[in-house]
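Novice: File follows, upload.txt with compact mmCIF, C-alpha atoms and all ligand atoms:
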# COMPACT_ATOMS: atom_id res chain seq x y z
CA MET E 6 -134.63 -98.94 16.25
CA ASN E 7 -133.76 -98.06 19.84
CA HIS E 8 -131.01 -100.66 20.23
CA SER E 9 -129.05 -98.85 17.54
CA ILE E 10 -128.76 -95.58 19.45
CA GLN E 11 -125.14 -94.78 20.16
CA MET E 12 -123.53 -92.09 22.26
CA VAL E 13 -121.28 -91.31 19.30
CA ASP E 14 -121.60 -92.86 15.82
CA LEU E 15 -118.16 -92.70 14.28
CA TYR E 16 -118.74 -95.49 11.78
CA GLY E 17 -121.96 -93.93 10.49
CA GLN E 18 -120.15 -90.65 9.97
CA TYR E 19 -117.29 -92.40 8.15
CA LEU E 20 -119.70 -94.17 5.78
CA GLN E 21 -120.99 -90.78 4.57
CA ILE E 22 -117.54 -89.83 3.28
CA LYS E 23 -115.93 -93.24 2.88
CA PRO E 24 -114.56 -92.82 -0.68
CA GLU E 25 -112.80 -89.57 0.19
CA ILE E 26 -111.34 -90.90 3.43
CA ASP E 27 -110.21 -94.19 1.88
CA LYS E 28 -108.52 -92.31 -0.97
CA ALA E 29 -106.75 -89.94 1.47
CA ILE E 30 -105.44 -92.86 3.55
CA ALA E 31 -104.35 -94.82 0.46
CA SER E 32 -102.46 -91.83 -0.83
CA VAL E 33 -100.42 -91.51 2.40
CA ILE E 34 -99.65 -95.23 2.27
CA SER E 35 -98.46 -95.02 -1.32
CA ASN E 36 -96.16 -92.07 -0.74
CA THR E 37 -94.99 -93.40 2.71
CA ALA E 38 -94.45 -89.95 4.27
CA PHE E 39 -95.99 -91.26 7.48
CA ILE E 40 -94.66 -88.70 9.96
CA ASN E 41 -94.87 -84.96 9.28
CA GLY E 42 -94.39 -84.37 5.54
CA PRO E 43 -96.72 -82.67 3.07
CA GLU E 44 -100.07 -83.83 4.52
CA VAL E 45 -99.24 -82.47 7.95
CA SER E 46 -98.01 -79.13 6.54
CA ALA E 47 -101.11 -78.89 4.37
CA LEU E 48 -103.39 -79.59 7.34
CA GLN E 49 -101.65 -76.86 9.35
CA LYS E 50 -102.30 -74.40 6.51
CA ASP E 51 -105.93 -75.56 6.21
CA LEU E 52 -106.44 -75.08 9.96
CA GLU E 53 -104.88 -71.60 9.83
CA ASN E 54 -107.22 -70.64 6.96
CA TYR E 55 -110.30 -72.10 8.60
CA LEU E 56 -109.72 -70.47 11.98
CA GLN E 57 -108.07 -67.33 10.61
CA VAL E 58 -105.11 -67.71 12.94
CA SER E 59 -101.45 -67.08 12.07
CA HIS E 60 -100.00 -70.39 13.27
CA ALA E 61 -101.42 -73.91 13.64
CA ILE E 62 -98.97 -76.50 14.95
CA THR E 63 -100.23 -80.08 15.09
CA CYS E 64 -99.11 -82.54 17.75
CA ALA E 65 -99.84 -86.01 19.10
CA ASN E 66 -102.93 -85.30 21.24
CA GLY E 67 -104.80 -82.57 23.10
CA THR E 68 -103.09 -83.25 26.42
CA ASP E 69 -99.68 -82.74 24.79
CA ALA E 70 -100.98 -79.54 23.21
CA LEU E 71 -101.85 -78.12 26.65
CA THR E 72 -98.55 -79.31 28.13
CA ILE E 73 -96.47 -77.86 25.31
CA ALA E 74 -98.39 -74.56 25.44
CA LEU E 75 -97.57 -74.13 29.13
CA TRP E 76 -93.99 -75.24 28.59
CA ALA E 77 -93.52 -72.65 25.84
CA LEU E 78 -94.33 -69.83 28.27
CA ASP E 79 -91.07 -70.46 30.20
CA LEU E 80 -92.63 -69.88 33.63
CA GLU E 81 -90.92 -70.21 36.98
CA PRO E 82 -91.64 -73.63 38.54
CA GLY E 83 -94.41 -73.22 41.11
CA SER E 84 -96.20 -70.48 39.15
CA GLU E 85 -99.98 -70.72 39.40
CA VAL E 86 -102.39 -71.44 36.59
CA ILE E 87 -106.05 -70.73 37.25
CA THR E 88 -108.38 -73.19 35.62
CA THR E 89 -111.85 -74.65 35.96
CA ASP E 90 -112.81 -77.33 38.46
CA PHE E 91 -115.32 -78.81 36.03
CA THR E 92 -113.36 -80.35 33.19
CA PHE E 93 -111.54 -83.47 32.04
CA ILE E 94 -108.36 -84.27 34.01
CA ALA E 95 -106.11 -83.38 31.05
CA THR E 96 -106.47 -79.65 31.77
CA ALA E 97 -105.15 -79.82 35.33
CA GLU E 98 -102.81 -82.69 34.50
CA ALA E 99 -100.97 -80.64 31.88
CA ILE E 100 -100.41 -77.85 34.41
CA ALA E 101 -99.03 -80.24 37.02
CA ARG E 102 -96.87 -82.12 34.47
CA VAL E 103 -94.75 -79.04 33.77
CA GLY E 104 -94.19 -78.19 37.44
CA LEU E 105 -96.88 -75.51 37.72
CA ILE E 106 -99.69 -75.29 40.28
CA PRO E 107 -103.27 -75.87 39.13
CA VAL E 108 -105.59 -73.47 40.98
CA LEU E 109 -109.09 -74.84 40.53
CA VAL E 110 -112.01 -72.43 40.61
CA ASP E 111 -115.74 -72.88 40.37
CA VAL E 112 -117.96 -72.56 37.32
CA ASN E 113 -121.00 -70.64 36.21
CA PRO E 114 -124.02 -72.84 37.06
CA GLN E 115 -125.74 -72.03 33.76
CA THR E 116 -122.99 -72.39 31.18
CA PHE E 117 -120.68 -74.71 33.21
CA THR E 118 -117.69 -72.63 32.06
CA ILE E 119 -115.20 -70.96 34.43
CA ASP E 120 -116.67 -68.34 36.76
CA THR E 121 -114.87 -65.11 35.94
CA HIS E 122 -115.47 -63.62 39.43
CA ALA E 123 -113.81 -66.69 40.91
CA ILE E 124 -110.80 -66.14 38.61
CA GLU E 125 -110.26 -62.66 39.96
CA GLN E 126 -110.59 -63.84 43.54
CA ALA E 127 -107.98 -66.55 43.00
CA ILE E 128 -105.25 -64.27 41.60
CA THR E 129 -102.08 -64.07 43.70
CA PRO E 130 -98.60 -62.69 42.92
CA LYS E 131 -97.70 -66.19 41.65
CA THR E 132 -100.53 -66.35 39.10
CA LYS E 133 -99.22 -66.36 35.56
CA VAL E 134 -101.88 -68.01 33.37
CA ILE E 135 -105.63 -68.35 33.05
CA MET E 136 -106.68 -71.56 31.33
CA PRO E 137 -110.41 -71.53 30.50
CA VAL E 138 -112.10 -74.57 28.97
CA HIS E 139 -114.78 -74.05 26.32
CA LEU E 140 -116.81 -76.83 27.85
CA PHE E 141 -119.25 -79.05 25.94
CA GLY E 142 -118.91 -76.84 22.86
CA GLN E 143 -119.49 -73.31 24.02
CA GLY E 144 -117.11 -70.53 24.83
CA ALA E 145 -116.08 -69.36 28.26
CA ASP E 146 -116.54 -65.61 28.77
CA MET E 147 -113.43 -64.64 26.82
CA ASP E 148 -114.14 -60.88 26.85
CA GLU E 149 -113.99 -60.86 30.62
CA ILE E 150 -111.09 -63.34 30.77
CA MET E 151 -109.01 -61.23 28.37
CA ARG E 152 -109.86 -58.10 30.38
CA ILE E 153 -108.67 -59.77 33.61
CA ALA E 154 -105.55 -61.11 31.87
CA LYS E 155 -104.66 -57.66 30.62
CA GLN E 156 -105.25 -56.04 34.00
CA TYR E 157 -103.07 -58.56 35.87
CA ASN E 158 -100.58 -59.22 33.07
CA LEU E 159 -101.42 -62.92 32.70
CA PHE E 160 -101.22 -65.33 29.76
CA VAL E 161 -104.39 -67.01 28.52
CA ILE E 162 -104.39 -70.55 27.13
CA GLU E 163 -107.73 -71.68 25.74
CA ASP E 164 -108.53 -75.36 26.23
CA ALA E 165 -110.53 -75.69 23.05
CA ALA E 166 -110.65 -79.51 22.97
CA GLN E 167 -114.47 -79.53 22.88
CA CYS E 168 -115.40 -76.55 20.71
CA PHE E 169 -113.73 -76.86 17.34
CA GLY E 170 -115.48 -74.62 14.81
CA ALA E 171 -117.43 -72.47 17.29
CA ASP E 172 -117.60 -68.71 16.79
CA TYR E 173 -117.18 -66.23 19.60
CA TYR E 174 -119.01 -62.91 19.51
CA SER E 175 -116.70 -60.57 21.35
CA GLU E 176 -117.63 -56.96 22.08
CA THR E 177 -115.78 -55.81 18.98
CA LYS E 178 -115.87 -58.68 16.45
CA THR E 179 -116.82 -62.26 15.65
CA GLN E 180 -113.93 -64.68 15.59
CA LYS E 181 -113.39 -68.40 16.06
CA LEU E 182 -112.71 -69.76 19.52
CA CYS E 183 -109.03 -70.92 19.38
CA THR E 184 -107.90 -67.47 18.17
CA ILE E 185 -108.43 -65.28 21.24
CA GLY E 186 -105.95 -66.34 23.95
CA ASP E 187 -102.16 -66.25 23.63
CA ILE E 188 -102.34 -69.93 22.71
CA ALA E 189 -105.27 -72.30 22.15
CA CYS E 190 -105.14 -76.07 22.22
CA THR E 191 -107.45 -78.61 20.69
CA SER E 192 -107.85 -82.37 20.55
CA PHE E 193 -108.66 -84.46 17.49
CA PHE E 194 -109.64 -87.48 19.61
CA PRO E 195 -112.08 -89.51 17.44
CA SER E 196 -115.26 -88.37 19.20
CA LYS E 197 -114.38 -84.67 19.17
CA ASN E 198 -116.27 -82.32 16.81
CA LEU E 199 -113.32 -82.60 14.44
CA GLY E 200 -111.94 -86.05 15.19
CA CYS E 201 -109.36 -88.25 13.48
CA PHE E 202 -109.02 -92.06 13.61
CA GLY E 203 -106.64 -92.13 16.54
CA ASP E 204 -105.00 -89.53 18.74
CA GLY E 205 -104.23 -86.05 17.50
CA GLY E 206 -104.05 -82.45 18.67
CA ALA E 207 -103.01 -78.95 17.71
CA LEU E 208 -101.94 -75.58 19.10
CA PHE E 209 -102.92 -72.23 17.64
CA THR E 210 -101.38 -68.82 18.18
CA ASN E 211 -101.05 -65.43 16.55
CA ASN E 212 -97.70 -64.91 18.29
CA SER E 213 -94.80 -65.89 15.98
CA GLU E 214 -92.28 -66.17 18.80
CA LEU E 215 -94.50 -68.58 20.75
CA ALA E 216 -95.23 -70.52 17.55
CA GLN E 217 -91.52 -71.04 16.99
CA LYS E 218 -91.00 -72.26 20.57
CA ILE E 219 -93.98 -74.62 20.31
CA LYS E 220 -92.68 -76.16 17.06
CA ILE E 221 -89.27 -76.72 18.61
CA ILE E 222 -90.60 -78.25 21.86
CA ALA E 223 -92.95 -80.59 19.97
CA ASN E 224 -90.07 -81.82 17.82
CA HIS E 225 -87.38 -82.94 20.30
CA GLY E 226 -86.27 -79.38 21.00
CA SER E 227 -85.04 -79.05 17.44
CA SER E 228 -85.62 -76.75 14.49
CA LYS E 229 -82.79 -78.26 12.43
CA LYS E 230 -82.45 -82.02 12.21
CA TYR E 231 -79.99 -83.40 14.78
CA TYR E 232 -79.39 -79.96 16.32
CA HIS E 233 -81.23 -79.57 19.64
CA SER E 234 -81.45 -76.15 21.26
CA THR E 235 -83.60 -77.28 24.18
CA ILE E 236 -85.15 -80.39 25.71
CA GLY E 237 -88.47 -81.14 24.07
CA VAL E 238 -90.73 -84.07 23.35
CA ASN E 239 -91.75 -86.27 20.47
CA SER E 240 -95.28 -85.06 19.86
CA ARG E 241 -96.14 -85.33 16.17
CA LEU E 242 -99.30 -85.97 14.24
CA ASP E 243 -99.24 -88.96 11.89
CA ALA E 244 -99.73 -88.15 8.21
CA ILE E 245 -102.64 -90.63 8.01
CA GLN E 246 -104.44 -88.67 10.72
CA ALA E 247 -103.62 -85.39 8.97
CA ALA E 248 -105.04 -86.71 5.69
CA ILE E 249 -108.26 -87.79 7.44
CA LEU E 250 -108.55 -84.43 9.21
CA ARG E 251 -108.08 -82.54 5.93
CA VAL E 252 -111.09 -84.36 4.49
CA LYS E 253 -113.20 -83.90 7.61
CA LEU E 254 -112.33 -80.21 7.93
CA HIS E 255 -114.39 -79.62 4.77
CA TYR E 256 -117.41 -80.93 6.64
CA ILE E 257 -116.91 -79.36 10.07
CA ASP E 258 -119.49 -76.60 9.59
CA SER E 259 -122.12 -79.09 8.45
CA TYR E 260 -121.18 -81.45 11.30
CA ASN E 261 -121.62 -78.64 13.81
CA ALA E 262 -124.90 -77.63 12.17
CA ALA E 263 -126.14 -81.24 12.52
CA ARG E 264 -125.20 -81.18 16.22
CA ARG E 265 -127.02 -77.86 16.69
CA ASN E 266 -130.06 -79.26 14.91
CA ALA E 267 -130.11 -82.34 17.15
CA ALA E 268 -129.70 -80.09 20.19
CA SER E 269 -132.63 -77.90 19.25
CA GLN E 270 -134.82 -80.97 18.78
CA TYR E 271 -133.83 -82.24 22.24
CA THR E 272 -134.55 -78.83 23.76
CA GLU E 273 -137.91 -78.53 22.03
CA ASN E 274 -138.98 -81.87 23.45
CA LEU E 275 -137.52 -81.52 26.94
CA GLN E 276 -137.94 -77.86 27.80
CA ASN E 277 -141.29 -78.30 29.52
CA VAL E 278 -140.20 -81.19 31.71
CA PRO E 279 -140.23 -79.59 35.18
CA TRP E 280 -137.27 -81.54 36.62
CA ILE E 281 -134.96 -80.93 33.66
CA HIS E 282 -132.93 -77.87 32.71
CA THR E 283 -131.96 -77.94 29.06
CA PRO E 284 -128.58 -76.36 28.17
CA THR E 285 -128.23 -72.61 28.52
CA ILE E 286 -126.81 -71.15 25.35
CA SER E 287 -124.56 -68.19 26.03
CA THR E 288 -125.15 -65.19 23.77
CA LYS E 289 -121.37 -64.93 23.38
CA SER E 290 -120.69 -68.00 21.28
CA ASN E 291 -122.52 -70.31 18.95
CA HIS E 292 -122.63 -73.59 20.83
CA VAL E 293 -121.31 -76.52 18.77
CA PHE E 294 -122.70 -79.13 21.19
CA HIS E 295 -119.76 -81.41 21.69
CA GLN E 296 -122.14 -82.64 24.38
CA TYR E 297 -125.85 -82.09 24.91
CA THR E 298 -125.97 -81.96 28.69
CA ILE E 299 -129.12 -81.64 30.75
CA THR E 300 -129.20 -80.75 34.45
CA LEU E 301 -131.61 -82.62 36.71
CA GLU E 302 -133.53 -81.32 39.74
CA HIS E 303 -134.41 -83.75 42.55
CA VAL E 304 -133.22 -86.71 40.45
CA SER E 305 -129.74 -88.14 40.56
CA ASN E 306 -127.93 -88.49 37.27
CA ASN E 307 -127.02 -92.10 38.15
CA GLU E 308 -130.68 -93.04 38.53
CA LEU E 309 -131.73 -91.55 35.19
CA GLN E 310 -128.68 -93.07 33.50
CA ASP E 311 -129.64 -96.55 34.76
CA TYR E 312 -133.22 -96.08 33.62
CA LEU E 313 -132.13 -95.00 30.14
CA GLN E 314 -129.75 -97.93 29.93
CA GLN E 315 -132.67 -100.29 30.61
CA HIS E 316 -134.26 -98.75 27.51
CA MET E 317 -131.07 -99.23 25.48
CA ILE E 318 -130.24 -95.54 25.52
CA PRO E 319 -126.61 -94.72 26.33
CA SER E 320 -125.73 -91.57 28.27
CA MET E 321 -122.64 -90.28 30.04
CA ILE E 322 -121.91 -88.34 33.19
CA TYR E 323 -119.37 -85.68 32.29
CA TYR E 324 -117.95 -85.36 34.93
CA PRO E 325 -118.78 -87.58 37.91
CA VAL E 326 -115.89 -86.32 40.06
CA PRO E 327 -114.93 -82.64 40.00
CA MET E 328 -111.22 -81.88 39.81
CA HIS E 329 -110.95 -80.66 43.41
CA LYS E 330 -112.09 -84.12 44.57
CA GLN E 331 -109.62 -86.05 42.41
CA GLU E 332 -107.07 -87.95 44.45
CA ALA E 333 -104.31 -86.98 42.04
CA LEU E 334 -104.83 -83.28 42.75
CA GLN E 335 -105.10 -83.33 46.55
CA HIS E 336 -101.41 -82.44 46.77
CA TYR E 337 -102.40 -78.92 45.59
CA SER E 338 -104.88 -78.47 48.49
CA PRO E 339 -107.77 -77.45 46.25
CA LYS E 340 -110.58 -75.32 47.65
CA PRO E 341 -114.19 -76.54 47.53
CA CYS E 342 -116.14 -75.65 44.41
CA PRO E 343 -119.81 -76.15 45.33
CA VAL E 344 -121.28 -75.46 41.89
CA SER E 345 -119.11 -77.97 40.11
CA GLU E 346 -119.68 -80.49 42.88
CA LYS E 347 -123.45 -80.13 42.51
CA LEU E 348 -123.15 -80.43 38.73
CA SER E 349 -121.24 -83.69 39.05
CA LYS E 350 -124.35 -85.20 40.62
CA SER E 351 -126.94 -83.58 38.40
CA VAL E 352 -125.62 -83.44 34.82
CA LEU E 353 -126.31 -86.05 32.19
CA SER E 354 -125.05 -85.95 28.61
CA LEU E 355 -127.37 -87.51 26.04
CA PRO E 356 -126.34 -89.16 22.76
CA MET E 357 -124.90 -86.48 20.50
CA HIS E 358 -123.38 -86.96 17.08
CA THR E 359 -123.83 -86.02 13.47
CA GLU E 360 -125.88 -89.07 12.52
CA LEU E 361 -128.68 -88.86 15.14
CA THR E 362 -132.14 -89.08 13.59
CA THR E 363 -135.28 -87.23 14.66
CA GLU E 364 -136.87 -90.60 15.37
CA GLN E 365 -134.06 -91.47 17.79
CA ILE E 366 -134.22 -88.08 19.50
CA LEU E 367 -137.98 -88.37 19.97
CA TYR E 368 -137.60 -91.86 21.40
CA ILE E 369 -134.93 -90.64 23.85
CA CYS E 370 -137.08 -87.67 24.92
CA ASP E 371 -140.22 -89.82 25.30
CA THR E 372 -138.28 -92.28 27.45
CA ILE E 373 -136.88 -89.50 29.63
CA ARG E 374 -140.35 -88.00 30.08
CA SER E 375 -141.70 -91.39 31.19
CA PHE E 376 -139.11 -91.61 34.00
CA LYS E 377 -141.18 -89.69 36.58
C1 LIG E 401 -111.46 -80.37 27.99
C2 LIG E 401 -110.43 -81.33 27.47
N1 LIG E 401 -109.13 -80.97 27.50
C3 LIG E 401 -108.17 -81.77 27.02
C4 LIG E 401 -108.45 -83.00 26.50
C5 LIG E 401 -107.32 -83.89 26.08
O1 LIG E 401 -107.35 -84.30 24.76
P1 LIG E 401 -106.66 -85.70 24.31
O2 LIG E 401 -107.57 -86.80 24.72
O3 LIG E 401 -106.54 -85.55 22.83
O4 LIG E 401 -105.34 -85.76 24.97
C6 LIG E 401 -109.78 -83.41 26.42
C7 LIG E 401 -110.10 -84.75 25.85
O5 LIG E 401 -111.01 -85.41 26.17
C8 LIG E 401 -110.80 -82.58 26.93
O6 LIG E 401 -112.07 -82.93 26.90
Take the structure in the file and write it out as C-alpha cells.
Specialist:
Amino acid sequence: MNHSIQMVDLYGQYLQIKPEIDKAIASVISNTAFINGPEVSALQKDLENYLQVSHAITCANGTDALTIALWALDLEPGSEVITTDFTFIATAEAIARVGLIPVLVDVNPQTFTIDTHAIEQAITPKTKVIMPVHLFGQGADMDEIMRIAKQYNLFVIEDAAQCFGADYYSETKTQKLCTIGDIACTSFFPSKNLGCFGDGGALFTNNSELAQKIKIIANHGSSKKYYHSTIGVNSRLDAIQAAILRVKLHYIDSYNAARRNAASQYTENLQNVPWIHTPTISTKSNHVFHQYTITLEHVSNNELQDYLQQHMIPSMIYYPVPMHKQEALQHYSPKPCPVSEKLSKSVLSLPMHTELTTEQILYICDTIRSFK
C-alpha cells in the first residue's frame, strides 16, 4: 500500500470523472475553437457565478495573472508593493517584472500569512499596493489588510493561487476569497485545488474599468482585432483547459471537503505528538488545505523528509528558501524576516489530495510518530 502514496494524485482524480473530461476535450477538438471561443467565455461566466464576482478574466497562468494585475494599475515605475516573504517566487517575480519594487515583510508564525503589523511598518510614500498571499489554502487577514489599504489609499491584489473555493468570514459578511481586493489572481496549475491539465490562470475583479484594462493587456493590448491601444501580452487560456476546468468546477466544493477531511484526520493523529505543531486554522476563513503543513520543533524538516522518503512517503518543503534570501531578489536589499526564515527550516508539507485514503493517512502518521 505505502509505495502508492503520492504527494498529489492527479490521475486518480481524473479517473473519477473520466467520461465527463474525455467528452469535454473531444468536444473542443471537434469544434476546433482552440483559443478563446465559447468554452473560455463560458468558463469565465461559471467562475463569476461560483465566486460571485463581477468579472473573471482567464489567462495563461497564475504568474501572468499577477503580472497583468499590477500592470493594469498603471503605477509609476519604482512604486513599492508590499508582499509576504514566505511564498512562491511568482509573487515577488511579478512585481519585479513590471518595474515595481517588491517589499518583503514577515509572516504570522501561526497562519504563515502576511503579518499585518509588518505591512503597516513597511509603508512609505512610494507604497502603492499590498499583495497578500492566501498561503496553503487559508486567507490572509483581509479585514485588517483592507482597513490598512483604505487608510493609506493603497490597492490590494490577492494572490489566491492556493485557495480556490475558500470562504472568508469578514466582519460584515461571508464571501469567497478572490472577491475582496481590487483584483485577485489565481492559478489553475494541475496540482492546485482547481487545476487544469496544463498551465492556466485567471484574474477577478468587481471593478469594470480594471476588468477592461486587464482584458486588453492579456490580449496584445487590443479590444478590437488588429487595433492595439496599448502594448500588452499574449496570455490566453486554451479552450481545452477551459473545458476541463468547467467540468472540475462542479466538483470543487467536494474536492475541498475531501482535503479538509484528510486534514482533520492528520490533525487527529498528530496533535499529541510533542514535537509537531499541526496547522493553525484561522477563524477568518475556511481552510481549503492546498497543503497540509506541519511545523517541527527541535527536528529539521530535511531530516524528517529523508526519514519519510525511506518509508516511501513523499513530502515537500514549501518553502526551503524565503524570498529575502533568494539571489534574484538581493537587488532590492530585502530586510531580514526571522519568522519566515525559521519556517523555512521547520515546515513540512505532507501528501495532500482528493484521493488520499484513511489507511494512507494512518500509515503516514504512524511513520511520523515512530521517527523519535
Ligand atoms: C502563491 C503562488 N502564487 C503564484 C503562483 C503562480 O502560478 P503559476 O504556476 O500558474 O504561474 C503560484 C504557483 O505555484 C503560487 O503558489
Novice: By how many Å are CA of Ile22 (chain E) and CA of His255 (chain E) apart?
Specialist: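 Those two atoms sit 10.8 Å apart.
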Novice: Just how far from CA of Asp111 (chain E) is CA of Thr89 (chain E), in Å to one decimal?
Specialist: 6.1 Å
Novice: Please put the answer as AutoDock Vina command-line options: centre and edge lengths, in Å with one decimal, of a box along x, y and z that encloses all listed atoms of ligand LIG 401 (chain E) plus 5 Å on each side.
Specialist:
--center_x -108.7 --center_y -83.6 --center_z 25.4 --size_x 16.7 --size_y 16.4 --size_z 15.2
Novice: 9 Å from ligand LIG 401 (chain E) is the threshold here; counting all atoms listed in the file, which polymer residues fall inside it? Answer as number ranges by chain.
Specialist: E: 65-71, 92-97, 99, 138-141, 164-167, 190-197, 204-206
Novice: May I ask for the distance between CA of Gln126 (chain E) and CA of Met328 (chain E), given in Å to one decimal place?
Specialist: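 So the answer is 18.4 Å.
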